[in-house]
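Coordinates as given in protein-v3.tsv (TSV, C-alpha atoms):
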chain	number	residue	atom	x	y	z
A	7	MET	CA	6.45	-153.24	9.38
A	8	LYS	CA	5.94	-154.00	5.75
A	9	LEU	CA	2.76	-153.00	3.96
A	10	LEU	CA	1.78	-156.64	3.50
A	11	THR	CA	1.64	-156.92	7.28
A	12	HIS	CA	-0.35	-153.70	7.49
A	13	ASN	CA	-2.84	-155.22	5.04
A	14	MET	CA	-3.67	-157.87	7.66
A	15	LEU	CA	-3.82	-155.80	10.87
A	16	THR	CA	-6.90	-154.44	12.63
A	17	SER	CA	-7.77	-152.62	15.85
A	18	LYS	CA	-11.06	-154.51	16.18
A	19	CYS	CA	-9.84	-155.91	19.48
A	20	LEU	CA	-10.42	-152.49	21.06
A	21	LYS	CA	-13.58	-152.20	23.14
A	22	GLY	CA	-16.27	-150.38	21.16
A	23	VAL	CA	-14.50	-150.67	17.79
A	24	ASN	CA	-16.45	-152.57	15.11
A	25	VAL	CA	-14.16	-152.98	12.13
A	26	GLY	CA	-10.91	-151.19	12.97
A	27	TYR	CA	-9.72	-151.56	9.39
A	28	PRO	CA	-7.75	-150.30	7.63
A	29	LEU	CA	-5.41	-148.74	10.15
A	30	GLY	CA	-3.97	-145.33	9.33
A	31	ILE	CA	-0.19	-145.02	9.16
A	32	VAL	CA	1.86	-142.16	10.54
A	33	ALA	CA	5.38	-142.86	9.30
A	34	LYS	CA	8.36	-141.17	10.92
A	35	ASP	CA	11.05	-143.35	9.41
A	36	VAL	CA	10.56	-145.42	6.27
A	37	LYS	CA	13.27	-147.59	4.77
A	38	VAL	CA	13.36	-149.28	1.42
A	39	LEU	CA	15.27	-152.54	1.43
A	40	GLU	CA	15.74	-154.35	-1.81
A	41	THR	CA	14.69	-157.99	-1.57
A	42	GLU	CA	14.76	-160.81	-4.05
A	43	PHE	CA	11.77	-160.73	-6.40
A	44	ASN	CA	9.74	-163.93	-6.56
A	45	SER	CA	7.00	-163.65	-9.19
A	46	GLU	CA	5.21	-166.79	-8.01
A	47	PHE	CA	4.88	-165.46	-4.47
A	48	VAL	CA	3.59	-162.07	-5.63
A	49	SER	CA	1.07	-163.67	-8.02
A	50	ARG	CA	-0.21	-165.94	-5.29
A	51	ILE	CA	-0.49	-163.24	-2.64
A	52	ILE	CA	-2.44	-160.76	-4.82
A	53	PRO	CA	-5.83	-162.52	-4.41
A	54	LYS	CA	-5.37	-162.32	-0.63
A	55	LEU	CA	-4.80	-158.57	-0.59
A	56	ASP	CA	-7.18	-155.76	0.13
A	57	TRP	CA	-5.97	-153.71	-2.82
A	58	ASP	CA	-7.46	-150.36	-1.81
A	59	THR	CA	-5.88	-150.72	1.61
A	60	LEU	CA	-2.51	-151.46	0.04
A	61	TRP	CA	-2.71	-148.58	-2.41
A	62	ASN	CA	-3.85	-146.08	0.20
A	63	ALA	CA	-1.22	-147.23	2.68
A	64	ALA	CA	1.54	-146.87	0.07
A	65	ASP	CA	0.20	-143.48	-0.98
A	66	SER	CA	-0.09	-142.23	2.61
A	67	ILE	CA	3.62	-142.80	3.18
A	68	GLY	CA	4.62	-141.47	-0.23
A	69	HIS	CA	5.51	-144.79	-1.86
A	70	ALA	CA	2.60	-145.50	-4.20
A	71	GLY	CA	4.78	-144.47	-7.15
A	72	ASP	CA	3.09	-145.70	-10.31
A	73	LEU	CA	1.29	-148.57	-8.62
A	74	PRO	CA	-2.07	-148.90	-10.45
A	75	ARG	CA	-5.25	-148.08	-8.50
A	76	ALA	CA	-6.65	-151.48	-9.42
A	77	VAL	CA	-5.21	-154.94	-10.05
A	78	CYS	CA	-4.77	-155.39	-13.78
A	79	ASP	CA	-6.18	-158.39	-15.64
A	80	ASP	CA	-3.77	-161.16	-16.44
A	81	TYR	CA	-1.46	-159.94	-13.69
A	82	GLU	CA	0.30	-163.30	-13.41
A	83	ASN	CA	2.01	-162.60	-16.74
A	84	ASP	CA	2.69	-158.92	-16.20
A	85	VAL	CA	6.18	-158.94	-14.70
A	86	GLU	CA	6.43	-155.15	-14.55
A	87	PHE	CA	3.21	-154.98	-12.55
A	88	LEU	CA	4.29	-157.81	-10.24
A	89	LYS	CA	7.58	-156.05	-9.57
A	90	LYS	CA	5.73	-152.88	-8.53
A	91	VAL	CA	3.56	-154.93	-6.19
A	92	HIS	CA	6.61	-156.72	-4.78
A	93	HIS	CA	8.24	-153.36	-4.06
A	94	VAL	CA	5.24	-151.94	-2.21
A	95	LEU	CA	4.45	-155.16	-0.33
A	96	VAL	CA	7.82	-156.24	0.99
A	97	GLU	CA	10.51	-153.67	0.20
A	98	VAL	CA	8.97	-150.57	1.78
A	99	GLU	CA	9.19	-150.80	5.54
A	100	VAL	CA	7.92	-148.48	8.27
A	101	ILE	CA	10.63	-148.55	10.93
A	102	GLU	CA	9.33	-145.86	13.28
A	103	GLY	CA	5.83	-144.45	13.43
A	104	GLU	CA	2.28	-145.21	14.47
A	105	LEU	CA	-0.75	-147.14	13.36
A	106	VAL	CA	-4.02	-145.32	13.97
A	107	CYS	CA	-7.39	-146.93	14.67
A	108	PRO	CA	-9.83	-145.50	12.07
A	109	GLU	CA	-12.70	-145.43	14.57
A	110	SER	CA	-11.27	-144.45	17.93
A	111	GLY	CA	-8.06	-142.69	16.92
A	112	ARG	CA	-6.12	-144.93	19.33
A	113	LYS	CA	-2.47	-145.00	18.30
A	114	PHE	CA	-0.28	-148.09	18.21
A	115	SER	CA	3.44	-147.38	18.12
A	116	ILE	CA	5.81	-148.93	15.61
A	117	ASN	CA	9.26	-149.25	17.11
A	118	LYS	CA	12.28	-150.62	15.24
A	119	GLY	CA	9.85	-152.06	12.71
A	120	ILE	CA	7.67	-153.83	15.30
A	121	PRO	CA	4.06	-152.63	15.68
A	122	ASN	CA	2.76	-152.86	19.22
A	123	MET	CA	-0.88	-153.97	19.13
A	124	LEU	CA	-1.03	-154.76	22.85
A	125	LEU	CA	-3.92	-153.20	24.75
A	126	ASN	CA	-4.33	-152.02	28.30
A	127	GLU	CA	-6.82	-153.93	30.44
A	128	ASP	CA	-9.36	-151.09	30.34
A	129	GLU	CA	-9.38	-151.15	26.53
A	130	LEU	CA	-10.54	-154.76	26.19
B	14	MET	CA	15.63	-178.31	8.11
B	15	ASP	CA	18.55	-176.40	9.57
B	16	THR	CA	18.33	-175.40	13.21
B	17	PRO	CA	18.81	-171.61	13.29
B	18	SER	CA	21.71	-170.21	15.26
B	19	LEU	CA	20.84	-168.56	18.57
B	20	SER	CA	24.40	-167.62	19.45
B	21	HIS	CA	23.32	-163.98	19.85
B	22	LEU	CA	21.23	-164.90	22.89
B	23	SER	CA	22.56	-165.09	26.42
B	24	LYS	CA	21.38	-165.37	30.01
B	25	ILE	CA	20.11	-161.78	29.83
B	26	GLU	CA	17.61	-162.62	27.09
B	27	TYR	CA	16.70	-165.99	28.58
B	28	ASP	CA	15.64	-164.23	31.79
B	29	HIS	CA	12.74	-162.86	29.74
B	30	VAL	CA	12.31	-165.20	26.80
B	31	TYR	CA	11.66	-168.95	26.77
B	32	GLU	CA	14.84	-170.82	26.01
B	33	PRO	CA	14.32	-173.50	23.34
B	34	ALA	CA	13.82	-176.86	25.00
B	35	GLU	CA	12.58	-180.36	24.13
B	36	ASP	CA	9.13	-179.09	23.15
B	37	THR	CA	10.67	-176.56	20.76
B	38	PHE	CA	12.87	-179.18	19.11
B	39	LEU	CA	10.01	-181.67	18.84
B	40	LEU	CA	8.00	-178.99	17.01
B	41	ILE	CA	10.89	-178.33	14.63
B	42	ASP	CA	11.24	-182.10	14.05
B	43	ALA	CA	7.53	-182.32	13.27
B	44	LEU	CA	7.69	-179.43	10.81
B	45	GLU	CA	10.73	-180.98	9.18
B	46	GLU	CA	8.90	-184.27	8.80
B	47	ASP	CA	6.02	-182.37	7.16
B	48	LEU	CA	8.23	-180.20	4.98
B	49	ALA	CA	7.22	-181.84	1.69
B	50	LEU	CA	3.56	-181.42	2.63
B	51	LEU	CA	4.15	-177.78	3.51
B	52	GLN	CA	5.90	-177.16	0.20
B	53	ASN	CA	3.03	-178.89	-1.53
B	54	ILE	CA	0.34	-176.55	-0.19
B	55	LYS	CA	2.46	-173.60	-1.41
B	56	PRO	CA	1.83	-171.34	1.56
B	57	THR	CA	2.00	-167.58	1.04
B	58	VAL	CA	1.42	-166.57	4.66
B	59	CYS	CA	2.93	-168.46	7.63
B	60	VAL	CA	2.33	-167.21	11.16
B	61	GLU	CA	3.76	-168.31	14.49
B	62	VAL	CA	1.93	-167.29	17.65
B	63	GLY	CA	4.14	-166.90	20.70
B	64	SER	CA	7.42	-167.07	18.81
B	65	GLY	CA	9.64	-166.58	21.89
B	66	SER	CA	13.26	-166.87	20.75
B	67	GLY	CA	12.07	-167.02	17.13
B	68	ILE	CA	13.83	-170.29	16.43
B	69	VAL	CA	10.79	-172.10	14.99
B	70	ILE	CA	9.52	-169.47	12.54
B	71	THR	CA	13.12	-168.79	11.46
B	72	ALA	CA	13.65	-172.50	10.77
B	73	VAL	CA	10.44	-172.55	8.71
B	74	ALA	CA	11.43	-169.39	6.82
B	75	LYS	CA	14.84	-170.85	6.06
B	76	ALA	CA	13.33	-174.10	4.82
B	77	LEU	CA	10.49	-172.67	2.72
B	78	GLY	CA	12.31	-169.59	1.45
B	79	ARG	CA	10.96	-166.62	-0.43
B	80	THR	CA	7.81	-168.29	-1.73
B	81	SER	CA	6.05	-167.30	1.48
B	82	PHE	CA	5.70	-164.37	3.88
B	83	TYR	CA	6.39	-164.97	7.57
B	84	ILE	CA	4.91	-163.23	10.57
B	85	ALA	CA	5.73	-163.89	14.23
B	86	VAL	CA	3.63	-162.54	17.07
B	87	ASP	CA	4.28	-162.55	20.79
B	88	ILE	CA	2.67	-160.87	23.80
B	89	ASN	CA	6.15	-160.40	25.29
B	90	GLN	CA	7.91	-157.42	23.75
B	91	VAL	CA	11.35	-158.75	24.63
B	92	ALA	CA	10.47	-161.92	22.71
B	93	CYS	CA	9.40	-159.77	19.76
B	94	LYS	CA	12.80	-158.10	19.61
B	95	VAL	CA	14.64	-161.37	20.07
B	96	THR	CA	12.59	-163.03	17.31
B	97	GLN	CA	13.41	-160.18	14.95
B	98	LYS	CA	17.10	-160.54	15.70
B	99	THR	CA	17.08	-164.33	15.33
B	100	ALA	CA	15.42	-164.02	11.92
B	101	GLN	CA	17.83	-161.33	10.74
B	102	LEU	CA	20.99	-163.07	11.92
B	103	ASN	CA	19.91	-166.25	10.17
B	104	GLY	CA	19.34	-164.44	6.90
B	105	THR	CA	15.55	-164.67	6.86
B	106	ASP	CA	12.80	-162.12	6.56
B	107	VAL	CA	10.25	-162.45	9.38
B	108	GLU	CA	7.83	-159.69	10.30
B	109	VAL	CA	7.19	-159.30	14.01
B	110	VAL	CA	4.13	-157.81	15.72
B	111	ALA	CA	3.44	-157.56	19.45
B	112	MET	CA	-0.08	-158.76	20.19
B	113	ASP	CA	-2.11	-161.08	22.38
B	114	LEU	CA	-2.64	-164.31	20.41
B	115	MET	CA	-4.20	-163.30	17.04
B	116	SER	CA	-6.13	-160.32	18.40
B	117	GLY	CA	-4.64	-157.78	15.98
B	118	PHE	CA	-5.23	-159.79	12.81
B	119	HIS	CA	-7.97	-159.05	10.34
B	120	LEU	CA	-9.16	-162.66	10.20
B	121	ASP	CA	-10.31	-163.69	6.79
B	122	ASN	CA	-8.81	-167.04	5.97
B	123	LYS	CA	-5.49	-165.78	4.69
B	124	ILE	CA	-3.11	-167.84	6.78
B	125	ASP	CA	-1.84	-171.06	5.26
B	126	VAL	CA	0.39	-172.25	8.08
B	127	LEU	CA	-0.28	-171.40	11.72
B	128	ILE	CA	2.14	-172.59	14.39
B	129	PHE	CA	1.54	-172.42	18.13
B	130	ASN	CA	3.67	-173.81	20.93
B	131	PRO	CA	1.40	-172.52	23.67
B	132	PRO	CA	1.84	-172.16	27.40
B	133	TYR	CA	0.60	-175.68	28.21
B	134	VAL	CA	1.74	-176.30	31.78
B	135	VAL	CA	-1.04	-176.94	34.32
B	136	THR	CA	-0.93	-174.02	36.78
B	137	PRO	CA	-3.30	-171.96	38.92
B	138	SER	CA	-5.31	-169.71	36.57
B	139	GLU	CA	-3.91	-166.49	37.99
B	140	GLU	CA	-0.37	-167.38	36.87
B	141	ILE	CA	-1.37	-166.85	33.24
B	142	LEU	CA	-1.28	-163.12	33.72
B	143	GLY	CA	2.28	-163.39	34.85
B	144	ASN	CA	3.52	-162.17	38.17
B	145	LYS	CA	6.16	-159.73	39.17
B	146	MET	CA	8.44	-162.35	40.57
B	147	TYR	CA	8.77	-164.26	37.31
B	148	GLY	CA	8.43	-161.27	34.99
B	149	ASP	CA	7.33	-161.91	31.46
B	150	LEU	CA	8.47	-165.48	31.39
B	151	THR	CA	5.59	-167.04	33.33
B	152	ARG	CA	3.32	-166.36	30.38
B	153	ALA	CA	5.54	-168.49	28.19
B	154	TRP	CA	4.50	-171.66	30.01
B	155	ALA	CA	1.62	-171.08	32.47
B	156	GLY	CA	-1.49	-172.61	30.93
B	157	GLY	CA	-3.93	-172.49	33.84
B	158	GLU	CA	-6.50	-175.23	34.35
B	159	ARG	CA	-5.54	-178.42	32.46
B	160	GLY	CA	-2.95	-176.15	30.81
B	161	ARG	CA	-5.68	-175.24	28.35
B	162	GLU	CA	-6.73	-171.70	29.22
B	163	VAL	CA	-4.58	-169.92	26.63
B	164	MET	CA	-4.90	-172.35	23.72
B	165	ASP	CA	-8.67	-172.62	24.29
B	166	GLN	CA	-8.95	-168.91	23.44
B	167	LEU	CA	-7.46	-169.53	20.01
B	168	PHE	CA	-9.39	-172.66	18.93
B	169	PRO	CA	-12.73	-170.96	18.09
B	170	LYS	CA	-10.89	-168.54	15.79
B	171	ILE	CA	-9.12	-171.20	13.72
B	172	PRO	CA	-12.01	-171.51	11.17
B	173	ASP	CA	-11.64	-167.78	10.40
B	174	ILE	CA	-7.84	-167.79	10.45
B	175	LEU	CA	-6.87	-170.66	8.17
B	176	SER	CA	-7.10	-170.60	4.40
B	177	ARG	CA	-8.87	-173.46	2.60
B	178	CYS	CA	-5.83	-175.71	2.53
B	179	GLY	CA	-4.41	-174.19	5.70
B	180	VAL	CA	-2.76	-176.22	8.42
B	181	PHE	CA	-2.43	-175.55	12.15
B	182	TYR	CA	0.39	-177.04	14.25
B	183	LEU	CA	0.01	-177.17	18.02
B	184	VAL	CA	2.25	-178.48	20.79
B	185	VAL	CA	0.48	-180.08	23.77
B	186	ILE	CA	1.18	-182.39	26.68
B	187	SER	CA	-1.03	-185.30	27.72
B	188	GLU	CA	-2.45	-183.24	30.64
B	189	ASN	CA	-4.04	-180.92	28.06
B	190	CYS	CA	-6.36	-183.82	27.09
B	191	PRO	CA	-5.59	-184.14	23.34
B	192	GLU	CA	-8.68	-186.32	22.84
B	193	ASP	CA	-10.86	-183.50	24.12
B	194	ILE	CA	-9.08	-181.05	21.78
B	195	LYS	CA	-9.72	-183.50	18.93
B	196	HIS	CA	-13.49	-183.42	19.59
B	197	LEU	CA	-13.55	-179.67	20.04
B	198	MET	CA	-11.69	-179.08	16.77
B	199	ASN	CA	-13.82	-181.72	15.02
B	200	ASP	CA	-16.89	-179.67	15.90
B	201	LEU	CA	-15.15	-176.67	14.31
B	202	GLY	CA	-14.57	-178.62	11.10
B	203	PHE	CA	-11.03	-179.88	11.54
B	204	ILE	CA	-9.35	-183.27	11.61
B	205	MET	CA	-6.57	-183.83	14.12
B	206	HIS	CA	-3.40	-185.74	13.28
B	207	VAL	CA	-0.58	-186.59	15.67
B	208	VAL	CA	2.67	-185.70	13.89
B	209	LYS	CA	5.13	-186.46	16.68
B	210	GLU	CA	5.08	-187.64	20.27
B	211	ARG	CA	7.89	-188.02	22.75
B	212	LYS	CA	8.23	-188.64	26.45
B	213	VAL	CA	10.79	-186.33	28.01
B	214	ARG	CA	11.50	-186.27	31.73
B	215	GLY	CA	7.97	-187.18	32.81
B	216	GLU	CA	6.33	-184.86	30.28
B	217	TYR	CA	4.46	-186.53	27.42
B	218	LEU	CA	4.73	-184.11	24.50
B	219	LEU	CA	2.72	-184.25	21.27
B	220	VAL	CA	2.76	-182.15	18.14
B	221	LEU	CA	-0.74	-182.04	16.70
B	222	LYS	CA	-1.77	-180.93	13.24
B	223	PHE	CA	-5.21	-179.79	12.19
B	224	THR	CA	-6.54	-179.62	8.63
B	225	ARG	CA	-10.03	-178.96	7.29
B	226	LYS	CA	-12.33	-181.96	6.89

Here is the file; what I need is its structure written in the form of structure tokens.
Amino acid sequence: MKLLTHNMLTSKCLKGVNVGYPLGIVAKDVKVLETEFNSEFVSRIIPKLDWDTLWNAADSIGHAGDLPRAVCDDYENDVEFLKKVHHVLVEVEVIEGELVCPESGRKFSINKGIPNMLLNEDEL
Amino acid sequence: MDTPSLSHLSKIEYDHVYEPAEDTFLLIDALEEDLALLQNIKPTVCVEVGSGSGIVITAVAKALGRTSFYIAVDINQVACKVTQKTAQLNGTDVEVVAMDLMSGFHLDNKIDVLIFNPPYVVTPSEEILGNKMYGDLTRAWAGGERGREVMDQLFPKIPDILSRCGVFYLVVISENCPEDIKHLMNDLGFIMHVVKERKVRGEYLLVLKFTRK
């Protein structure tokens, strides 16, 4: 699970949970895989991100590095900034661990990079 | 659009995961026909619901490349693993999450391309939940009454899922009453287009596309 995916996941589907966002991350195995940088993609995805969620997620697994706490102005032209965002969004990957519902504490396992958001019948 | 290789899959996987068939290939043909349009809307997030073998989202990821992010979801955990493998072996980057339809997504109009080849076969309603005899696979095709019970759960969420220029691709058969789907989606603010249709062994397949009015 990459942090861009984490930015879009919620546990709201759980009975009694209102927002379920952002999910906590308990990382047991994190891998960093270098991928081709595409500045256009990163520039275009930034407006869709919940930045605080991204920063906190990166920080919680020890990969915030020098990622700024806020999106800088004129980010489209700031290649250094875009490269940092690229790294955190798509190069850092949680292979084994758990996602944690912020309201109920319900844990969702991440196995071989695949989060399991499936619920039991009594949780719906 | 290149058809991804599935040579890593065998009978063992196909006991649990839907093997690509005419409906799958019609969907890939439709996406190929629309490739220029897809490139034109410059998607950043493409999602396939019920990715099964992973052949469709992998084909899309191969064709559109690194200008977008790709996520596949499936309720069947074997399908999730198989999708991940298909993407990897074909040199693409596809994120995989196990969930029921879009239930685990924070829905706020971020998805530019949504693809769904749903369980559309008309069956008794109870078959949707799968049964022990058929294992996970029943859920890949059992659609309940009019074959609509699963896809009908997703339709009301489309307005919150798709981005402004977003597009939703859906495979149906004539028994699913496409005209009724057209009216339903019209009420939700979407126009329906028929991208492809083909009659295969008594099944009349259509690939529908929905865009905002």

Per residue of chain A within 7 Å of chain B, record the nearest atom pair and its distance in Å to one decimal, counting all atoms listed in the file, with rows in chain order and ascending residue number, as a tab-separated table.
residue	atom	partner	partner_atom	distance
A:Met7	CA	B:Glu108	CA	6.7
A:Met14	CA	B:His119	CA	5.2
A:Leu15	CA	B:Phe118	CA	4.7
A:Thr16	CA	B:Gly117	CA	5.2
A:Ser17	CA	B:Gly117	CA	6.0
A:Cys19	CA	B:Ser116	CA	5.9
A:Asn44	CA	B:Thr80	CA	6.8
A:Glu46	CA	B:Thr80	CA	7.0
A:Phe47	CA	B:Thr80	CA	4.9
A:Arg50	CA	B:Thr57	CA	6.9
A:Ile51	CA	B:Thr57	CA	6.2
A:Lys54	CA	B:Lys123	CA	6.3
A:Ile120	CA	B:Val110	CA	5.3
A:Pro121	CA	B:Val110	CA	5.2
A:Asn122	CA	B:Ala111	CA	4.8
A:Met123	CA	B:Met112	CA	5.0
A:Leu124	CA	B:Met112	CA	4.9

Selection: 10 Å around Pro108 in chain A, only C-alpha atoms, excl. self and same-chain fewer than 3 positions, as a ChimeraX atom specification: /A:16-18,23,25-30,105,111-113

**Request:** Tell me, as a PyMOL selection string, which residues lie within 8 Å of range 45-52 of chain B, counting all atoms listed in the file; anything in the same chain fewer than 5 positions away does not count.
**Result:** chain B and resi 14+76-77

Fill in: Spatial neighbours of Thr224 in chain B, 8 Å, all atoms listed in the file, chain gap at least 3 places, as a ChimeraX atom specification
/B:178-181,203-205

#### Entry: Point (-5.5, -151.0, 0.2) neighbourhood (10 Å, all atoms listed in the file) written as a ChimeraX atom specification
/A:9-10,12-13,28,55-65,75-76

Contacts of Pro137 in chain B at 10 Å (only C-alpha atoms; same-chain gap of 3+ positions) as a list in words: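 Close residues of Pro137 in chain B: Val134, Glu140, Ile141, Ala155, Gly156, Gly157, Glu158, Arg159 and Gly160 of chain B.
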
Shortest contact to Leu22 in chain B, candidates B:Ile68, B:Cys59, B:Leu39, B:Leu201, atoms counted only C-alpha atoms, goes to B:Ile68

### Query
Could you pull the residues within 10 Å of Ser49 in chain A, counting all atoms listed in the file, minus those fewer than 6 positions along the same chain, as an MDAnalysis selection string?
(chainID A and resid 81:85 88 91:92) or (chainID B and resid 57)

Taken to one decimal, the CA of Ala100 in chain B-CA of Ile31 in chain A distance is 24.7 Å

task = Measuring atom to atom with all atoms listed in the file, identify which of A:Cys107, A:Ile67, A:Ile52, A:Leu95 is nearest to Glu40 in chain A.
result =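 Looking only at the distances to Glu40 in chain A, the closest residue turns out to be A:Leu95.
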
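The gap separating CA of Lys37 in chain A from CA of Gln101 in chain B is 15.7 Å, in Å to one decimal.
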
Find the smallest box with edges along x, y and z containing every listed atom of range 15-28 of chain B, then add 6 Å on each side and report centre and edge lengths in Å to one decimal, as AutoDock Vina command-line options.
--center_x 20.0 --center_y -169.1 --center_z 20.7 --size_x 20.8 --size_y 26.6 --size_z 34.2

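Proximity of B:Val208, B:Tyr133, B:Ile174, B:Leu142 to Cys190 in chain B, computed with only C-alpha atoms, is greatest for B:Tyr133.
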
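Here the question is which of B:Asp193, B:Lys222, B:Tyr217, B:Trp154 gets nearest to Val126 in chain B using only C-alpha atoms, and that residue is B:Lys222.
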
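The gap separating CA of Thr41 in chain A from CA of Ala70 in chain A is 17.6 Å, in Å to one decimal.
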